[in-house]
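Chemist: Quick one, final.cif (mmCIF, C-alpha atoms and all ligand atoms):
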data_final
loop_
_atom_site.label_atom_id
_atom_site.label_comp_id
_atom_site.auth_asym_id
_atom_site.auth_seq_id
_atom_site.Cartn_x
_atom_site.Cartn_y
_atom_site.Cartn_z
CA MET U 1 14.59 14.77 -17.12
CA ASN U 2 11.41 12.89 -16.27
CA SER U 3 11.26 10.76 -13.16
CA LYS U 4 11.10 7.04 -13.85
CA ILE U 5 8.67 4.68 -12.17
CA THR U 6 8.66 0.91 -12.55
CA VAL U 7 5.50 -1.03 -11.77
CA ILE U 8 6.13 -4.74 -11.29
CA GLY U 9 3.07 -6.87 -11.94
CA GLY U 10 0.89 -5.71 -14.82
CA GLY U 11 -2.37 -7.13 -13.50
CA ASN U 12 -5.33 -5.22 -12.13
CA VAL U 13 -3.50 -3.07 -9.57
CA GLY U 14 -0.31 -2.68 -11.63
CA ALA U 15 -1.98 -1.68 -14.90
CA THR U 16 -4.37 0.73 -13.18
CA THR U 17 -1.45 2.25 -11.27
CA ALA U 18 0.42 2.74 -14.57
CA GLN U 19 -2.65 4.45 -16.02
CA ARG U 20 -3.01 6.81 -13.07
CA LEU U 21 0.72 7.64 -13.10
CA ALA U 22 0.54 8.48 -16.80
CA GLU U 23 -2.61 10.56 -16.40
CA LYS U 24 -0.89 12.59 -13.68
CA SER U 25 2.31 12.82 -15.79
CA LEU U 26 4.36 11.82 -12.75
CA GLY U 27 7.13 10.28 -14.85
CA ASP U 28 8.00 7.68 -17.44
CA VAL U 29 6.44 4.33 -16.57
CA VAL U 30 7.83 0.83 -17.10
CA LEU U 31 5.38 -2.02 -16.60
CA VAL U 32 6.98 -5.42 -15.90
CA ASP U 33 5.19 -8.78 -15.84
CA VAL U 34 6.11 -12.41 -16.46
CA VAL U 35 3.27 -12.90 -18.93
CA GLU U 36 4.71 -12.57 -22.41
CA GLY U 37 3.29 -9.69 -24.42
CA MET U 38 0.87 -8.52 -21.73
CA PRO U 39 2.86 -5.62 -20.24
CA GLN U 40 3.98 -4.60 -23.73
CA GLY U 41 0.38 -4.60 -24.96
CA LYS U 42 -0.93 -2.65 -21.98
CA ALA U 43 1.91 -0.11 -22.18
CA LEU U 44 1.22 0.45 -25.88
CA ASP U 45 -2.50 0.81 -25.27
CA LEU U 46 -1.80 3.33 -22.47
CA ALA U 47 0.61 5.27 -24.71
CA GLN U 48 -2.12 5.50 -27.34
CA ALA U 49 -4.46 7.04 -24.76
CA GLY U 50 -1.89 9.85 -24.36
CA PRO U 51 -3.02 11.98 -27.32
CA VAL U 52 -6.59 11.96 -26.02
CA GLN U 53 -5.78 12.34 -22.32
CA GLY U 54 -2.97 14.80 -22.95
CA TYR U 55 0.12 13.11 -21.59
CA ASP U 56 3.51 12.52 -23.19
CA THR U 57 5.07 10.27 -20.57
CA GLY U 58 7.09 7.31 -21.76
CA LEU U 59 5.31 3.97 -21.42
CA THR U 60 7.22 0.73 -21.79
CA GLY U 61 6.18 -2.86 -21.19
CA ALA U 62 8.74 -5.57 -20.47
CA ASN U 63 9.22 -9.13 -19.27
CA GLY U 64 12.67 -8.37 -17.88
CA TYR U 65 14.32 -5.63 -15.88
CA ALA U 66 16.78 -3.96 -18.26
CA GLU U 67 14.12 -1.44 -19.27
CA SER U 68 13.55 -0.51 -15.62
CA ALA U 69 17.16 0.66 -15.06
CA GLY U 70 17.58 3.89 -13.13
CA SER U 71 14.05 4.04 -11.71
CA ASP U 72 13.34 6.53 -8.95
CA VAL U 73 10.43 4.52 -7.58
CA VAL U 74 9.63 0.81 -7.92
CA ILE U 75 6.11 -0.36 -7.09
CA ILE U 76 5.68 -4.09 -6.43
CA THR U 77 2.22 -5.44 -7.22
CA ALA U 78 3.36 -8.87 -8.43
CA GLY U 79 1.73 -11.88 -6.86
CA LEU U 80 -1.57 -13.61 -6.49
CA PRO U 81 -4.71 -11.82 -5.32
CA ARG U 82 -7.26 -13.40 -2.96
CA LYS U 83 -10.14 -15.55 -4.11
CA PRO U 84 -13.45 -15.62 -2.23
CA GLY U 85 -13.05 -17.31 1.16
CA MET U 86 -9.29 -16.75 1.25
CA SER U 87 -7.59 -14.55 3.80
CA ARG U 88 -4.66 -12.34 2.81
CA ASP U 89 -2.44 -14.62 4.90
CA ASP U 90 -3.21 -17.62 2.66
CA LEU U 91 -1.04 -15.93 0.03
CA LEU U 92 2.01 -15.76 2.30
CA LEU U 93 4.61 -18.18 0.96
CA THR U 94 3.62 -17.99 -2.72
CA ASN U 95 3.78 -14.22 -2.80
CA ALA U 96 6.89 -14.09 -0.61
CA ALA U 97 8.84 -16.08 -3.21
CA ILE U 98 7.64 -13.73 -5.95
CA VAL U 99 8.30 -10.53 -3.99
CA ARG U 100 11.81 -11.66 -3.00
CA LYS U 101 12.73 -12.44 -6.60
CA VAL U 102 11.36 -9.29 -8.16
CA THR U 103 12.85 -7.06 -5.44
CA GLU U 104 16.34 -8.49 -6.00
CA ARG U 105 16.10 -8.09 -9.75
CA ALA U 106 14.65 -4.59 -9.63
CA LEU U 107 17.23 -3.38 -7.10
CA ARG U 108 20.11 -4.52 -9.31
CA GLN U 109 18.86 -2.15 -12.05
CA SER U 110 17.76 0.70 -9.76
CA PRO U 111 20.04 0.84 -6.72
CA GLU U 112 18.73 4.29 -5.71
CA ALA U 113 15.03 3.52 -5.98
CA ILE U 114 12.41 3.83 -3.29
CA PHE U 115 10.30 0.67 -3.07
CA ILE U 116 6.55 0.78 -2.56
CA ILE U 117 5.11 -2.63 -1.72
CA VAL U 118 1.51 -3.50 -2.58
CA SER U 119 1.42 -7.32 -2.74
CA ASN U 120 -0.35 -9.19 0.05
CA PRO U 121 -0.14 -10.06 2.87
CA LEU U 122 1.12 -6.50 2.85
CA ASP U 123 3.09 -6.06 6.06
CA ALA U 124 4.81 -9.43 5.70
CA MET U 125 5.70 -8.67 2.05
CA CYS U 126 7.37 -5.44 3.21
CA HIS U 127 9.62 -7.57 5.43
CA VAL U 128 10.49 -9.82 2.50
CA ALA U 129 11.34 -6.85 0.27
CA LYS U 130 13.41 -5.13 2.96
CA GLY U 131 15.21 -8.39 3.72
CA ALA U 132 15.93 -9.09 0.06
CA ALA U 133 17.10 -5.58 -0.70
CA GLY U 134 18.89 -4.82 2.57
CA LEU U 135 17.65 -1.25 2.34
CA ALA U 136 17.30 1.41 5.00
CA ARG U 137 13.80 1.75 6.32
CA GLN U 138 13.27 5.08 4.56
CA ARG U 139 13.21 3.27 1.23
CA VAL U 140 10.75 0.41 1.77
CA ILE U 141 7.17 1.53 2.29
CA GLY U 142 3.96 -0.48 2.25
CA MET U 143 0.66 0.68 0.77
CA ALA U 144 -2.39 -0.16 2.88
CA GLY U 145 -3.31 2.59 5.33
CA ILE U 146 -4.29 5.09 2.65
CA LEU U 147 -6.62 2.51 1.12
CA ASP U 148 -8.13 1.45 4.44
CA SER U 149 -8.55 5.11 5.43
CA ALA U 150 -10.14 5.88 2.05
CA ARG U 151 -12.67 3.11 2.65
CA PHE U 152 -13.42 4.53 6.09
CA ARG U 153 -13.79 8.03 4.60
CA THR U 154 -16.14 6.80 1.89
CA PHE U 155 -18.46 5.18 4.43
CA ILE U 156 -18.35 8.24 6.74
CA ALA U 157 -19.20 10.57 3.84
CA ARG U 158 -22.09 8.37 2.75
CA GLU U 159 -23.43 8.13 6.30
CA LEU U 160 -23.45 11.90 6.76
CA GLY U 161 -24.25 12.93 3.20
CA VAL U 162 -21.11 15.07 2.86
CA SER U 163 -18.28 15.25 0.35
CA VAL U 164 -15.51 12.69 0.81
CA GLU U 165 -13.18 15.66 0.49
CA SER U 166 -14.48 17.04 3.80
CA THR U 167 -13.55 13.81 5.57
CA HIS U 168 -10.29 12.75 7.12
CA ALA U 169 -9.58 9.37 8.66
CA PHE U 170 -6.73 7.37 10.14
CA VAL U 171 -6.54 3.61 9.98
CA LEU U 172 -3.39 2.21 11.57
CA GLY U 173 -1.96 -1.24 12.26
CA GLY U 174 -1.52 -4.21 9.98
CA HIS U 175 -3.45 -4.57 6.72
CA GLY U 176 -5.74 -7.32 7.88
CA ASP U 177 -8.53 -8.19 10.24
CA THR U 178 -6.68 -6.56 13.13
CA MET U 179 -6.35 -3.14 11.48
CA VAL U 180 -7.08 -0.25 13.85
CA PRO U 181 -9.45 2.44 12.53
CA LEU U 182 -9.04 5.43 14.87
CA ALA U 183 -12.46 7.07 15.18
CA ARG U 184 -11.15 9.81 17.51
CA TYR U 185 -8.76 11.06 14.84
CA SER U 186 -11.28 10.71 12.04
CA THR U 187 -13.04 13.95 11.29
CA VAL U 188 -15.52 15.77 9.08
CA ALA U 189 -14.45 19.38 8.57
CA GLY U 190 -12.30 19.04 11.68
CA VAL U 191 -15.09 17.63 13.91
CA PRO U 192 -14.40 14.11 15.26
CA VAL U 193 -16.84 11.55 13.82
CA THR U 194 -17.49 10.33 17.36
CA GLU U 195 -19.50 13.56 17.80
CA LEU U 196 -21.38 13.16 14.53
CA ILE U 197 -22.29 9.50 14.22
CA ALA U 198 -24.06 7.38 16.85
CA ALA U 199 -21.81 4.81 18.48
CA ASP U 200 -23.58 1.74 17.03
CA ARG U 201 -23.57 3.16 13.48
CA LEU U 202 -19.92 4.11 13.83
CA GLN U 203 -19.08 0.61 15.01
CA ALA U 204 -20.84 -0.84 11.94
CA ILE U 205 -18.86 1.50 9.67
CA ILE U 206 -15.60 0.51 11.36
CA GLN U 207 -16.40 -3.17 10.87
CA ARG U 208 -17.28 -2.59 7.20
CA THR U 209 -13.94 -0.80 6.81
CA ARG U 210 -12.10 -3.79 8.30
CA ASP U 211 -13.96 -6.12 5.92
CA GLY U 212 -13.67 -3.68 3.02
CA GLY U 213 -11.30 -5.83 0.96
CA ALA U 214 -13.27 -9.04 1.53
CA GLU U 215 -16.54 -7.33 0.55
CA ILE U 216 -15.08 -6.50 -2.86
CA VAL U 217 -13.46 -9.95 -3.28
CA ARG U 218 -16.91 -11.49 -2.65
CA LEU U 219 -18.52 -9.28 -5.28
CA LEU U 220 -15.83 -9.62 -7.93
CA LYS U 221 -15.35 -13.37 -7.42
CA THR U 222 -12.25 -13.46 -9.63
CA GLY U 223 -9.91 -10.99 -7.97
CA SER U 224 -9.59 -8.19 -5.46
CA ALA U 225 -9.96 -4.42 -5.43
CA PHE U 226 -7.77 -2.36 -7.72
CA TYR U 227 -9.21 1.11 -8.40
CA ALA U 228 -8.82 2.38 -4.84
CA PRO U 229 -5.55 0.48 -4.21
CA SER U 230 -3.94 1.99 -7.31
CA ALA U 231 -5.14 5.48 -6.35
CA ALA U 232 -3.55 5.00 -2.92
CA ALA U 233 -0.22 3.84 -4.37
CA VAL U 234 -0.15 6.84 -6.70
CA GLU U 235 -0.75 9.27 -3.82
CA MET U 236 2.42 7.85 -2.25
CA VAL U 237 4.41 8.22 -5.48
CA GLU U 238 3.21 11.79 -5.86
CA SER U 239 4.25 12.78 -2.35
CA ILE U 240 7.67 11.18 -2.92
CA LEU U 241 8.50 12.47 -6.39
CA LEU U 242 7.08 15.95 -5.83
CA ASP U 243 8.58 16.09 -2.31
CA LYS U 244 5.18 17.10 -0.98
CA LYS U 245 5.75 16.07 2.66
CA LYS U 246 2.29 14.56 2.93
CA ILE U 247 1.50 12.76 6.17
CA LEU U 248 0.02 9.46 5.08
CA PRO U 249 -0.72 6.19 6.84
CA CYS U 250 1.71 3.66 5.38
CA ALA U 251 3.40 0.45 6.50
CA ALA U 252 6.79 1.45 7.93
CA PHE U 253 9.55 -0.49 9.64
CA LEU U 254 9.22 0.61 13.25
CA GLU U 255 12.25 0.90 15.46
CA GLY U 256 10.65 1.53 18.81
CA GLU U 257 7.91 3.96 17.73
CA TYR U 258 4.49 3.06 19.10
CA GLY U 259 6.26 0.57 21.37
CA VAL U 260 6.94 -1.70 18.37
CA SER U 261 10.39 -2.83 17.38
CA ARG U 262 11.69 -4.20 14.08
CA LEU U 263 8.28 -4.75 12.56
CA PHE U 264 6.36 -3.23 9.64
CA LEU U 265 3.09 -1.72 10.76
CA GLY U 266 0.74 0.94 9.43
CA VAL U 267 1.48 4.31 11.02
CA PRO U 268 1.41 7.95 9.84
CA VAL U 269 4.63 8.86 8.04
CA LYS U 270 5.92 11.94 6.25
CA LEU U 271 6.73 11.06 2.63
CA ARG U 272 9.40 13.04 0.85
CA ARG U 273 11.87 12.57 -1.99
CA CYS U 274 14.01 10.46 0.37
CA GLY U 275 11.06 8.20 1.18
CA ILE U 276 9.98 8.11 4.81
CA GLU U 277 11.47 11.18 6.44
CA GLU U 278 9.72 10.72 9.74
CA VAL U 279 7.35 8.42 11.57
CA PHE U 280 4.65 10.52 13.21
CA GLN U 281 3.72 9.55 16.73
CA ILE U 282 0.19 10.36 17.83
CA ASN U 283 -1.26 9.98 21.29
CA MET U 284 -3.34 6.89 21.76
CA THR U 285 -5.61 5.67 24.53
CA THR U 286 -4.75 2.50 26.45
CA ASP U 287 -7.39 0.62 24.46
CA GLU U 288 -6.08 1.89 21.10
CA LYS U 289 -2.53 0.98 22.11
CA ALA U 290 -3.67 -2.52 23.07
CA ARG U 291 -5.38 -2.95 19.69
CA LEU U 292 -2.25 -1.79 17.88
CA GLN U 293 -0.17 -4.29 19.87
CA ARG U 294 -2.60 -7.08 18.91
CA SER U 295 -2.26 -6.06 15.28
CA ALA U 296 1.54 -6.07 15.62
CA ALA U 297 1.38 -9.57 17.10
CA SER U 298 -0.53 -10.89 14.08
CA VAL U 299 2.06 -9.39 11.70
CA GLN U 300 4.84 -10.90 13.85
CA GLU U 301 3.24 -14.36 13.47
CA LEU U 302 3.53 -14.14 9.69
CA VAL U 303 7.09 -12.87 9.89
CA ASP U 304 7.96 -15.86 12.08
CA VAL U 305 6.50 -18.24 9.49
CA LEU U 306 8.56 -16.55 6.79
CA ARG U 307 11.73 -16.90 8.86
CA GLU U 308 10.99 -20.59 9.50
CA ASN U 309 10.68 -21.02 5.74
CA GLY U 310 14.10 -19.56 5.05
CA PHE U 311 13.16 -16.00 4.10
CA ARG U 312 15.48 -13.24 5.20
CA VAL U 313 13.24 -10.86 7.10
CA GLU U 314 14.48 -7.87 9.01
O1 LIG R 401 -3.89 -2.83 0.11
C1 LIG R 401 -3.15 -3.52 -0.52
N1 LIG R 401 -1.86 -3.53 -0.24
C2 LIG R 401 -3.65 -4.33 -1.63
C3 LIG R 401 -2.89 -5.47 -2.04
C4 LIG R 401 -4.82 -3.96 -2.35
C5 LIG R 401 -5.18 -4.65 -3.47
C6 LIG R 401 -4.44 -5.78 -3.98
N2 LIG R 401 -3.41 -6.24 -3.11
C7 LIG R 401 -2.52 -7.31 -3.55
O2 LIG R 401 -1.77 -6.85 -4.68
C8 LIG R 401 -3.20 -8.56 -4.02
O3 LIG R 401 -3.62 -9.36 -2.94
C9 LIG R 401 -2.08 -9.20 -4.82
O4 LIG R 401 -1.17 -9.85 -3.95
C10 LIG R 401 -1.39 -7.98 -5.47
C11 LIG R 401 -1.76 -7.76 -6.93
O5 LIG R 401 -3.15 -7.70 -7.05
P1 LIG R 401 -3.85 -7.65 -8.51
O6 LIG R 401 -5.29 -7.50 -8.28
O7 LIG R 401 -3.13 -6.70 -9.38
O8 LIG R 401 -3.55 -9.14 -9.01
P2 LIG R 401 -3.46 -9.65 -10.55
O9 LIG R 401 -4.43 -8.89 -11.39
O10 LIG R 401 -3.54 -11.12 -10.50
O11 LIG R 401 -2.01 -9.21 -11.00
C12 LIG R 401 -0.84 -9.77 -10.45
C13 LIG R 401 0.17 -9.81 -11.55
C14 LIG R 401 -0.18 -10.79 -12.68
O12 LIG R 401 -0.28 -10.10 -13.91
C15 LIG R 401 0.98 -11.78 -12.67
O13 LIG R 401 1.33 -12.24 -13.98
C16 LIG R 401 2.08 -10.92 -12.07
O14 LIG R 401 1.43 -10.22 -11.03
N3 LIG R 401 3.20 -11.70 -11.57
C17 LIG R 401 4.49 -11.30 -11.76
N4 LIG R 401 5.00 -10.21 -12.37
C18 LIG R 401 6.34 -10.11 -12.41
N5 LIG R 401 7.18 -11.03 -11.87
C19 LIG R 401 6.70 -12.13 -11.25
N6 LIG R 401 7.53 -13.03 -10.72
C20 LIG R 401 5.29 -12.30 -11.19
N7 LIG R 401 4.48 -13.27 -10.67
C21 LIG R 401 3.21 -12.88 -10.91
#
Output the file's structure as C-alpha cells, nothing else.
Modeler:
Amino acid sequence: MNSKITVIGGGNVGATTAQRLAEKSLGDVVLVDVVEGMPQGKALDLAQAGPVQGYDTGLTGANGYAESAGSDVVIITAGLPRKPGMSRDDLLLTNAAIVRKVTERALRQSPEAIFIIVSNPLDAMCHVAKGAAGLARQRVIGMAGILDSARFRTFIARELGVSVESTHAFVLGGHGDTMVPLARYSTVAGVPVTELIAADRLQAIIQRTRDGGAEIVRLLKTGSAFYAPSAAAVEMVESILLDKKKILPCAAFLEGEYGVSRLFLGVPVKLRRCGIEEVFQINMTTDEKARLQRSAASVQELVDVLRENGFRVE
C-alpha cells in the first residue's frame, strides 16, 4: 500500500511540496486548504500532470480532514507568509492560532502520523503543534535547517565555481536572524570552507545566508520563498518514509542536548520511519556555543509570548 502524506495549506509552499512528492512518487498526497475549490483544483491539475511526468500517486484536494485519514506524514504549511519589511516573528499569534487548529484536526484523523512543521515563525510553531498534539518529540519536526543550509551551499558553490553537490553545510539554531551557520563544519569535497574562502568573503556569505529569506521576500514583494522550502520539506519526508537515516539539520525539541532544555532549535537529527531517532551532538567552540545560546534565547522569547497568550507550549 502507498504511504499517505497530507499537506495542510495549499499555497505556494504546500502546492509545490505536493508537486515534488508526486514527482518522487513518495505516496498518495492529500492537499488541504480553507479556500474553497483551490486544493481540489490544484490536486486535479497535479493528477493530470501524472501521465506526462510518469507518476500514478493519488492526489486529492479537500477543505476538511476526512480525506486525510490514516496519513503517515502530515506537513503543516498553513498560515500567512511575510510581506516586505515584516519579520517572521510578526506572524506569531496569527499563525499560532492556525497551526493549533489544523494540528488538532489532522491528529484526530491520523493519530500515528509524523508532523513536519513549515509555518513561521518556525521554531515557535513547532511548540504550538507539539503542545496541541501532545506528541513525543520524535514525531514533531520543524523544517528550516535544510533550507538555510541549502542557501549557504548555493552561495559557497557560486563563490568557488563548483557544483552544489560537492558542498556540504550546517546551519543550526533558530530559523531567524540569530541562526548559526557553522563555517567549520561546512565543506567542499571534505575541505572546510574556512580554508577555501577568505574570511571577509565568508562573512559576507554567512550574512547573506542569514538574510536569505528576506532577500527573496524583497524581490517577490507578494510572498516568500517556496521552491527551496518545498524541496527541503520533501527531503525530510523521503528520509522518513524510506527510512533512509539521513542526518539533516531540523528543528527538534531538545531535552538537554546542546545545553538547551525543552525548546525547539535547529540541530542535526537522524530521520527514520519513527521520525527523529537521534539528536546528533557535534563539538562546538565556546563562541559557537554562545551564538547557539543566543539563538535559543530568541526562540524562548517567542514561546513566552505564546504562553502569555494562552497557547499550550511544551
Ligand atoms: O523555512 C521555513 N520554515 C519556511 C516557512 C520557508 C518558507 C515559507 N515559510 C512559511 O510557510 C511562511 O512564512 C508561511 O507561514 C508558511 C506558508 O508559506 P506560503 O508561501 O505557502 O504561504 P501562502 O502561499 O500564503 O499559503 C498559505 C496557505 C494559503 O493557501 C491559506 O489559504 C492557507 O495557507 N491557510 C490554511 N489552510 C488550512 N487551514 C487553515 N486554517 C488555513 N489558514 C490559512
Chemist: Extract, using only C-alpha atoms, all DNA, RNA and protein residues at most 6 Å from segment 277-289 of chain U, discarding same-chain residues fewer than 4 positions from it, and format them as number ranges by chain.
Modeler: U: 268-270
Chemist: Quick one: residues within 9 Å of ligand LIG 401 (chain R), with all atoms listed in the file, as a PyMOL selection string?
Modeler: chain U and resi 8-16+32-35+38-39+63-64+76-82+88+91+95+97-102+117-123+142-148+175+213+223-230+232-233
Chemist: Report, in Å to a single decimal, how far apart atom CA of Ala113 of chain U and atom CA of Val73 of chain U are.
Modeler: 5.0 Å
Chemist: Report, in Å with one decimal, the straight-line distance from atom CA of Asp89 of chain U to atom CA of Leu220 of chain U.
Modeler: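 According to the coordinates, atom CA of Asp89 of chain U and atom CA of Leu220 of chain U are separated by 19.2 Å.
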Chemist: Neighbouring residues of Cys274 of chain U were defined as those with any atom within 12 Å, considering only C-alpha atoms; residues of the same chain fewer than 6 positions away were excluded. Please report them as a PyMOL selection string.
Modeler: chain U and resi 72-73+112-115+136-141+237+239-245
Chemist: Expressed in Å to a single decimal, how great is the separation between atom CA of Phe264 of chain U and atom CA of Cys250 of chain U?
Modeler: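 Computed distance, atom CA of Phe264 of chain U to atom CA of Cys250 of chain U, equals 9.3 Å.
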Chemist: Between U:Lys24, U:Arg272, U:His168, U:Arg210, single out the one closest to Arg153 of chain U, counting all atoms listed in the file.
Modeler: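 Going through U:Lys24, U:Arg272, U:His168, U:Arg210 one by one, the smallest distance to Arg153 of chain U is for U:His168.
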Chemist: Go through U:Leu59, U:Ala124, U:Met236, U:Ala132 one by one, measure the shortest atom-to-atom distance of each to Leu263 of chain U using only C-alpha atoms, and give the residue with the smallest value.
Modeler: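 Closest to Leu263 of chain U of all the choices is U:Ala124.
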Chemist: When distances are computed from all atoms listed in the file, which of U:Ala251, U:Val164, U:Leu271, U:Ala231 shows the smallest separation from Met125 of chain U?
Modeler: U:Ala251
Chemist: Using all atoms listed in the file, which of the listed residues (U:Val217, U:Ile197, U:Leu21, U:Ala296) sits closest to Ile5 of chain U?
Modeler: U:Leu21
Chemist: Given 5 Å on each side, where is the centre and what are the edge lengths in Å to one decimal of the axis-aligned box enclosing the listed atoms of segment 96-108 of chain U, as AutoDock Vina command-line options?
Modeler:
--center_x 13.5 --center_y -9.7 --center_z -5.2 --size_x 23.2 --size_y 22.7 --size_z 19.1
Chemist: Applying 9 Å and all atoms listed in the file, which residues near segment 305-310 of chain U remain after dropping the ones on its own chain fewer than 4 positions away? List them as a PyMOL selection string.
Modeler: chain U and resi 92-93+96+124+128+300-301
Chemist: Just add N, CA, C and O atoms to segment 239-256 of chain U and send it as a PDB file, in the coordinates of the input.
Modeler:
ATOM      1  N   SER U 239       3.643  12.092  -3.486  1.00  0.00           N
ATOM      2  CA  SER U 239       4.250  12.780  -2.350  1.00  0.00           C
ATOM      3  C   SER U 239       5.772  12.604  -2.367  1.00  0.00           C
ATOM      4  O   SER U 239       6.513  13.496  -1.970  1.00  0.00           O
ATOM      5  N   ILE U 240       6.225  11.440  -2.859  1.00  0.00           N
ATOM      6  CA  ILE U 240       7.670  11.180  -2.920  1.00  0.00           C
ATOM      7  C   ILE U 240       8.314  12.006  -4.037  1.00  0.00           C
ATOM      8  O   ILE U 240       9.221  12.801  -3.800  1.00  0.00           O
ATOM      9  N   LEU U 241       7.819  11.837  -5.251  1.00  0.00           N
ATOM     10  CA  LEU U 241       8.500  12.470  -6.390  1.00  0.00           C
ATOM     11  C   LEU U 241       8.372  13.993  -6.375  1.00  0.00           C
ATOM     12  O   LEU U 241       9.253  14.710  -6.839  1.00  0.00           O
ATOM     13  N   LEU U 242       7.258  14.496  -5.877  1.00  0.00           N
ATOM     14  CA  LEU U 242       7.080  15.950  -5.830  1.00  0.00           C
ATOM     15  C   LEU U 242       7.511  16.524  -4.479  1.00  0.00           C
ATOM     16  O   LEU U 242       7.305  17.703  -4.203  1.00  0.00           O
ATOM     17  N   ASP U 243       8.073  15.669  -3.629  1.00  0.00           N
ATOM     18  CA  ASP U 243       8.580  16.090  -2.310  1.00  0.00           C
ATOM     19  C   ASP U 243       7.526  16.892  -1.553  1.00  0.00           C
ATOM     20  O   ASP U 243       7.806  17.941  -0.992  1.00  0.00           O
ATOM     21  N   LYS U 244       6.317  16.340  -1.521  1.00  0.00           N
ATOM     22  CA  LYS U 244       5.180  17.100  -0.980  1.00  0.00           C
ATOM     23  C   LYS U 244       5.101  17.109   0.537  1.00  0.00           C
ATOM     24  O   LYS U 244       4.363  17.886   1.112  1.00  0.00           O
ATOM     25  N   LYS U 245       5.789  16.175   1.187  1.00  0.00           N
ATOM     26  CA  LYS U 245       5.750  16.070   2.660  1.00  0.00           C
ATOM     27  C   LYS U 245       4.365  15.730   3.179  1.00  0.00           C
ATOM     28  O   LYS U 245       3.953  16.200   4.243  1.00  0.00           O
ATOM     29  N   LYS U 246       3.601  14.966   2.418  1.00  0.00           N
ATOM     30  CA  LYS U 246       2.290  14.560   2.930  1.00  0.00           C
ATOM     31  C   LYS U 246       2.451  13.615   4.104  1.00  0.00           C
ATOM     32  O   LYS U 246       3.380  12.803   4.120  1.00  0.00           O
ATOM     33  N   ILE U 247       1.537  13.717   5.063  1.00  0.00           N
ATOM     34  CA  ILE U 247       1.500  12.760   6.170  1.00  0.00           C
ATOM     35  C   ILE U 247       0.463  11.719   5.790  1.00  0.00           C
ATOM     36  O   ILE U 247      -0.721  12.035   5.677  1.00  0.00           O
ATOM     37  N   LEU U 248       0.919  10.503   5.572  1.00  0.00           N
ATOM     38  CA  LEU U 248       0.020   9.460   5.080  1.00  0.00           C
ATOM     39  C   LEU U 248       0.201   8.182   5.892  1.00  0.00           C
ATOM     40  O   LEU U 248       1.323   7.861   6.288  1.00  0.00           O
ATOM     41  N   PRO U 249      -0.894   7.454   6.132  1.00  0.00           N
ATOM     42  CA  PRO U 249      -0.720   6.190   6.840  1.00  0.00           C
ATOM     43  C   PRO U 249      -0.154   5.133   5.892  1.00  0.00           C
ATOM     44  O   PRO U 249      -0.748   4.802   4.873  1.00  0.00           O
ATOM     45  N   CYS U 250       1.035   4.654   6.217  1.00  0.00           N
ATOM     46  CA  CYS U 250       1.710   3.660   5.380  1.00  0.00           C
ATOM     47  C   CYS U 250       2.340   2.615   6.287  1.00  0.00           C
ATOM     48  O   CYS U 250       2.576   2.874   7.465  1.00  0.00           O
ATOM     49  N   ALA U 251       2.671   1.446   5.706  1.00  0.00           N
ATOM     50  CA  ALA U 251       3.400   0.450   6.500  1.00  0.00           C
ATOM     51  C   ALA U 251       4.866   0.870   6.535  1.00  0.00           C
ATOM     52  O   ALA U 251       5.504   1.061   5.494  1.00  0.00           O
ATOM     53  N   ALA U 252       5.391   1.036   7.747  1.00  0.00           N
ATOM     54  CA  ALA U 252       6.790   1.450   7.930  1.00  0.00           C
ATOM     55  C   ALA U 252       7.459   0.509   8.907  1.00  0.00           C
ATOM     56  O   ALA U 252       6.807  -0.043   9.803  1.00  0.00           O
ATOM     57  N   PHE U 253       8.764   0.363   8.738  1.00  0.00           N
ATOM     58  CA  PHE U 253       9.550  -0.490   9.640  1.00  0.00           C
ATOM     59  C   PHE U 253       9.787   0.281  10.933  1.00  0.00           C
ATOM     60  O   PHE U 253      10.530   1.259  10.942  1.00  0.00           O
ATOM     61  N   LEU U 254       9.139  -0.140  11.992  1.00  0.00           N
ATOM     62  CA  LEU U 254       9.220   0.610  13.250  1.00  0.00           C
ATOM     63  C   LEU U 254      10.452   0.190  14.035  1.00  0.00           C
ATOM     64  O   LEU U 254      10.823  -0.987  14.058  1.00  0.00           O
ATOM     65  N   GLU U 255      11.070   1.165  14.625  1.00  0.00           N
ATOM     66  CA  GLU U 255      12.250   0.900  15.460  1.00  0.00           C
ATOM     67  C   GLU U 255      12.017   1.510  16.825  1.00  0.00           C
ATOM     68  O   GLU U 255      12.728   2.403  17.251  1.00  0.00           O
ATOM     69  N   GLY U 256      10.958   1.038  17.470  1.00  0.00           N
ATOM     70  CA  GLY U 256      10.650   1.530  18.810  1.00  0.00           C
ATOM     71  C   GLY U 256       9.435   2.449  18.857  1.00  0.00           C
ATOM     72  O   GLY U 256       8.802   2.597  19.896  1.00  0.00           O
TER      73      GLY U 256
END
